[in-house]
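Have a look at the structure below before the remarks.
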Amino acid sequence: MPISLADIEALVAQFEKSDWRRIDLVADGVELRLSKDGSGTSTAFPTTVAPSAAVAAALPLAGTPSGYVVTAPSLGTFYRAPRPGEPPFVVVGQRVAVGQDLCLVEVMKLFTTVHAPVAGVVLAVHAADGDLVEYSQPLVSLDPDG
Amino acid sequence: MAERRLFVANRGEIALRAIATARALGIETVVGVSSADRDSLWARAADRMVVLGPAPAAASYLDQRLVLHAAVATGCAAVYPGYGFLSERAEFAALCEAEGMIFVGPTSTQIAAVGDKLAARDLARRAGVPLTRGSAELADVDAALAAANDIGFPVLTKASAGGGGRGMVIAENADALARAFGPASAAAQAAFGDGRLFLERYMPRARHIEVQAFGLGDGRVLHLHERDCSVQRRYQKMVEEAPAAILPAEIRAQLHAAAVGLLGSIGYASAGTVEFLYDESDQSLAFLEVNARIQVEHPVSEAVTGQDLVRWQLEQAFGSPPTLAQSAIGCDGHAIEVRILAEDPARDFAPSPGTITRWAPPSGEGIRLDSAVATGSRVPPFYDSMVAKLIVHAATRDAAVARLSAALARFEVDGIATNIPFLRALVSHPDFIANRLHTRWLEQTLLPQRAAA
């Protein structure tokens with residue numbers, strides 16, 4: 001059974017409530033490493049879910065447990081706006097709701113919309129319009145609510 | 001003139017080989033990898049590496065649009081598919097053609113023409129290539145039973161859509177065929193998304209002999225002599241030799257002509273192999289299939305001919321096809337390749353991924369090693385288990401066997417289980433030394449003897 005974003009979100013929520021210090025999970029193409037003290041997080045950006053999911057997964061940044069980095073679901077061309085000339089989906093400082101559109105990743109004219117996995121404020125947009133982004137490359141950082 | 005930049009759409013030794021050959025030709029390389037391979041030797045060897053997707057091949061190496069997008073976006077003029085993965089997907093070649101991307105291999109039409117096994121049999125028949133008795137596509141088990149009565153038992157079920165042993169069941173009689181038909185069709189459906197089957201007369205003690213060919217795309221086809229790949233386990237080759245030492249000269253000439261005629265009839269371009277079964281008892285040849293790609297075992301043909309097939313492929317793709325005449329392609333001495341697999345022969349060849357803590361391959365005169373691992377390499381569990389190919393070349397088959405035996409004796413690998421201990425036993429077996437082999441020898445003779453010992 002594939003691991004869904006909902007599963008990861010549930011796991012993250014459970015982890016935050018628990019008194020566990022660290023979880024390392026490798027299952028079904030997903031590698032998940034959660035830590036409350038920064039130990040064992042030598043990897044800058046953990047790899048996340050399979051690109052078939054239309055929603056990119058987000059994981060706490062090492063050392064900044066409140067920051068979420070949304071990563072590319074696969075290699076592709078990054079777009080900040082729905083169409084050329086239109087305003088970007090989001091700008092730095094903007095508040096976004098869960099599921100709100102953040103950006104597009106295009107693979108041979110097939111566009112995948114990347115959604116916000118959590119509500120919060122956009123801290124940074126890591127790629128420029130038209131950039132080739134690679135799988136698991138950071139796209140947008142969010143400062144989650146709460 | 002196309003920009004001289006190549007996208008390598010494969011992994012492991014063939015990716016490293018393509019990168020090295022491209023570099024020698026002054027062609028830049030970009031390699032697309034999965035997240036499991038980002039620290040691999042070939043990822044580091046290429047001029048540029050891009051991560052396509054996560055470890056599972058379906059979301060990385062096998063995703064046609066993703067691979068093509070990566071090739072276009074990195075400014076490559078051509079894609080090198082290697083073997084496996086996208087190498088024989090006609091729709092991928094067509095996708096490349098539609099984008100103006102050079103697919104280093106045959107055209108999409110040629111791949112499709114030989115990819116369907118029944119269509120390939122028709123091509124072979126029209127080109128005058130000898131065939132086993134066989135059936136057309138079978139509607140159901142009753143049609144299969146009727147066809148089997150005409151062909152004569154034993155028969156072999158085969159998937160029309162693909163090879164590799166999937167959908168293949170040997171039936172000795174009508175009851176066995178009736179039982180096998182449904183499961184074989186289901187296996188073909190699962191493997192290829194196409195459950196169509198046909199029957200061929202089964203040749204129980206045949207050799208697997210194949211001709212290495214290279215098409216110039218205009219009807220002219222060169223051959224690089226033949227290989228004997230009769231040592232197989234579950235239809236997977238484990239040892240490959242060039243030439244096929246047991247062939248009489250007139251059969252050898254007939255074999256080469258058949259392969260050249262078949263591929264020439266479709267104006268085949270690039271490297272390709274025509275596979276046959278050969279029955280030593282009556283010296284009969286029977287067409288098996290065409291592999292429209294570079295094959296794993298191509299180095300033995302390179303060893304005896306002194307040619308470089310990957311170089312030919314790349315030069316042709318970038319506009320300079322080989323110009324040498326057939327008469328210039330000789331066959332010197334004897335070469336043998338063994339596939340080094342991360343599989344544990346003591347546990348029925350179970351895959352044994354892990355980290356290689358010591359990698360000490362043999363080297364020396366007449367020894368070639370094609371691999372993409374070193375001490376410290378991780379062998380991920382997601383892909384094919386082959387980690388290296390050991391190729392020896394010597395003046396005669398006897399000398400090559402001796403050289404192989406000595407090379408395997410000093411090949412040391414720690415950290416993962418490999419089939420090296422099994423290969424040592426294999427190459428010192430009297431049947432192997434005497435070249436008394438057939439496609440079922442490993443399973444019917446060697447494995448039972450090893451189990452009893």
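Each chain of the structure tokens is named A, B, ... in the order shown, its residues numbered from 1; ligands are numbered from 1 in display order.
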
Distance limit 12 Å, atoms considered: only C-alpha atoms. Which chain B residues sit that close to chain A? Return them as a VMD selection string. chain B and resid 32 to 36 38 49 to 61 63 to 75 95 to 96 98 to 99 380 to 382

Those same residues - N, CA and C atoms - I'd like them written as a short mmCIF file (atom, residue, chain, number, x, y, z; two decimals), in the first residue's frame.
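File produced: selection_33.cif:
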```cif
data_model
loop_
_atom_site.label_atom_id
_atom_site.label_comp_id
_atom_site.auth_asym_id
_atom_site.auth_seq_id
_atom_site.Cartn_x
_atom_site.Cartn_y
_atom_site.Cartn_z
N GLY B 32 20.77 11.06 -16.25
CA GLY B 32 19.58 11.16 -15.41
C GLY B 32 19.55 9.98 -14.47
N VAL B 33 19.46 10.26 -13.17
CA VAL B 33 19.50 9.17 -12.19
C VAL B 33 18.27 9.22 -11.28
N SER B 34 18.02 8.14 -10.57
CA SER B 34 17.03 8.15 -9.51
C SER B 34 17.71 8.64 -8.24
N SER B 35 16.92 8.95 -7.22
CA SER B 35 17.52 9.46 -5.98
C SER B 35 18.41 8.40 -5.33
N ALA B 36 18.19 7.12 -5.65
CA ALA B 36 19.04 6.06 -5.07
C ALA B 36 20.43 6.04 -5.69
N ARG B 38 22.19 8.87 -6.83
CA ARG B 38 22.80 10.20 -6.98
C ARG B 38 24.29 10.20 -6.60
N MET B 49 24.82 15.74 -13.81
CA MET B 49 23.88 14.73 -13.32
C MET B 49 22.59 15.44 -12.93
N VAL B 50 21.45 14.87 -13.32
CA VAL B 50 20.17 15.39 -12.82
C VAL B 50 19.39 14.24 -12.18
N VAL B 51 18.68 14.57 -11.08
CA VAL B 51 17.89 13.55 -10.39
C VAL B 51 16.48 13.60 -10.96
N LEU B 52 16.09 12.50 -11.58
CA LEU B 52 14.80 12.44 -12.28
C LEU B 52 13.63 12.29 -11.31
N GLY B 53 13.79 11.37 -10.36
CA GLY B 53 12.69 11.04 -9.48
C GLY B 53 13.17 10.11 -8.39
N PRO B 54 12.24 9.55 -7.64
CA PRO B 54 12.62 8.66 -6.54
C PRO B 54 13.15 7.32 -7.04
N ALA B 55 13.55 6.46 -6.11
CA ALA B 55 14.24 5.22 -6.45
C ALA B 55 13.46 4.28 -7.37
N PRO B 56 12.16 4.05 -7.14
CA PRO B 56 11.48 3.08 -8.01
C PRO B 56 11.61 3.46 -9.49
N ALA B 57 11.96 2.48 -10.33
CA ALA B 57 12.24 2.77 -11.73
C ALA B 57 11.03 3.37 -12.44
N ALA B 58 9.84 2.97 -12.05
CA ALA B 58 8.64 3.47 -12.72
C ALA B 58 8.54 4.99 -12.60
N ALA B 59 9.06 5.55 -11.52
CA ALA B 59 8.98 7.00 -11.29
C ALA B 59 10.27 7.71 -11.66
N SER B 60 11.23 6.98 -12.25
CA SER B 60 12.50 7.60 -12.65
C SER B 60 12.94 7.06 -14.01
N TYR B 61 13.71 5.96 -14.02
CA TYR B 61 14.31 5.47 -15.27
C TYR B 61 13.28 5.05 -16.32
N ASP B 63 10.17 6.38 -16.67
CA ASP B 63 9.19 7.42 -16.99
C ASP B 63 9.64 8.15 -18.26
N GLN B 64 9.00 7.81 -19.37
CA GLN B 64 9.46 8.28 -20.69
C GLN B 64 9.44 9.79 -20.81
N ARG B 65 8.35 10.41 -20.34
CA ARG B 65 8.22 11.86 -20.48
C ARG B 65 9.25 12.57 -19.61
N LEU B 66 9.48 12.02 -18.46
CA LEU B 66 10.45 12.60 -17.53
C LEU B 66 11.86 12.56 -18.13
N VAL B 67 12.22 11.42 -18.68
CA VAL B 67 13.55 11.26 -19.29
C VAL B 67 13.71 12.22 -20.46
N LEU B 68 12.69 12.27 -21.30
CA LEU B 68 12.78 13.14 -22.48
C LEU B 68 12.83 14.61 -22.07
N HIS B 69 12.02 14.98 -21.08
CA HIS B 69 12.03 16.36 -20.59
C HIS B 69 13.42 16.73 -20.09
N ALA B 70 14.02 15.82 -19.35
CA ALA B 70 15.36 16.08 -18.79
C ALA B 70 16.37 16.25 -19.92
N ALA B 71 16.26 15.42 -20.96
CA ALA B 71 17.20 15.50 -22.09
C ALA B 71 17.04 16.83 -22.84
N VAL B 72 15.79 17.23 -23.08
CA VAL B 72 15.52 18.49 -23.78
C VAL B 72 16.00 19.67 -22.94
N ALA B 73 15.64 19.65 -21.65
CA ALA B 73 15.92 20.80 -20.78
C ALA B 73 17.41 20.98 -20.52
N THR B 74 18.19 19.92 -20.66
CA THR B 74 19.64 20.04 -20.44
C THR B 74 20.38 20.24 -21.76
N GLY B 75 19.65 20.46 -22.85
CA GLY B 75 20.27 20.82 -24.11
C GLY B 75 20.96 19.67 -24.83
N LEU B 95 8.46 9.18 -29.33
CA LEU B 95 8.38 10.44 -28.58
C LEU B 95 9.64 11.28 -28.85
N CYS B 96 10.80 10.62 -28.84
CA CYS B 96 12.06 11.31 -29.14
C CYS B 96 12.03 11.86 -30.57
N ALA B 98 9.52 12.67 -32.38
CA ALA B 98 8.58 13.80 -32.49
C ALA B 98 9.18 15.09 -31.93
N GLU B 99 10.10 14.96 -30.97
CA GLU B 99 10.73 16.14 -30.36
C GLU B 99 12.02 16.54 -31.06
N PRO B 380 21.69 -0.88 -4.58
CA PRO B 380 20.32 -0.68 -4.11
C PRO B 380 19.43 -1.86 -4.48
N PRO B 381 18.33 -2.05 -3.74
CA PRO B 381 17.49 -3.21 -3.98
C PRO B 381 16.46 -3.03 -5.10
N PHE B 382 16.48 -1.87 -5.76
CA PHE B 382 15.37 -1.54 -6.66
C PHE B 382 15.54 -2.06 -8.08
#
```

Taking the DSSP secondary structure from the backbone, can you list the residues of segment 76-310 of chain B that are strand (DSSP E or B), as a ChimeraX atom specification? /B:78-80,102-103,134,138,155-159,169-171,197-201,207-216,221-233,236-242,269-279,284-291

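The environment of Gln100 of chain A within 7 Å, counting only C-alpha atoms and disregarding residues fewer than 4 places along the same chain, consists of Val96, His115 and Ala116 of chain A.
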
Set the distance at 6 Å and use only C-alpha atoms: which residues neighbour segment 89-91 of chain A once local chain neighbours fewer than 5 positions away are removed? I'd like the list as a count of residues only. 3

Find the residues near Ala124 of chain A: any atom within 8 Å, counting only C-alpha atoms, skip ones fewer than 3 places away on the same chain, and give them as a ChimeraX atom specification. /A:92,140-142

Mind dumping the selected residues with N, CA and C atoms as a PDB file, in the first residue's frame?
```pdb
ATOM      1  N   VAL A  92       6.580  35.911  -1.274  1.00  0.00           N
ATOM      2  CA  VAL A  92       7.136  35.818   0.076  1.00  0.00           C
ATOM      3  C   VAL A  92       6.333  36.725   1.008  1.00  0.00           C
ATOM      4  N   VAL A 140       9.517  25.731  -2.192  1.00  0.00           N
ATOM      5  CA  VAL A 140       8.923  26.800  -1.391  1.00  0.00           C
ATOM      6  C   VAL A 140       9.075  26.435   0.088  1.00  0.00           C
ATOM      7  N   SER A 141       9.474  27.414   0.918  1.00  0.00           N
ATOM      8  CA  SER A 141       9.492  27.185   2.373  1.00  0.00           C
ATOM      9  C   SER A 141       8.305  27.896   2.996  1.00  0.00           C
ATOM     10  N   LEU A 142       7.688  27.226   3.947  1.00  0.00           N
ATOM     11  CA  LEU A 142       6.534  27.787   4.645  1.00  0.00           C
ATOM     12  C   LEU A 142       6.818  27.852   6.144  1.00  0.00           C
TER      13      LEU A 142
END
```

Please provide as a ChimeraX atom specification all residues within 9 Å of Gln94 of chain A, with the sequence filter that same-chain residues fewer than 5 positions apart are discarded (counting only C-alpha atoms). /A:120-123

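Compared by their closest atoms to Phe276 of chain B, and using only C-alpha atoms, the residues B:Glu241, B:Ser352, B:His256, B:Pro154 rank with B:His256 nearest.
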
For Glu280 of chain B, find every residue with an atom within 12 Å (counting only C-alpha atoms), except residues of its own chain fewer than 3 positions away, and show them as a ChimeraX atom specification. /B:203-209,244-248,251,277,283-286,436-438

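Separating atom CA of Glu315 of chain B from atom CA of Ala269 of chain B is a distance of 12.3 Å.
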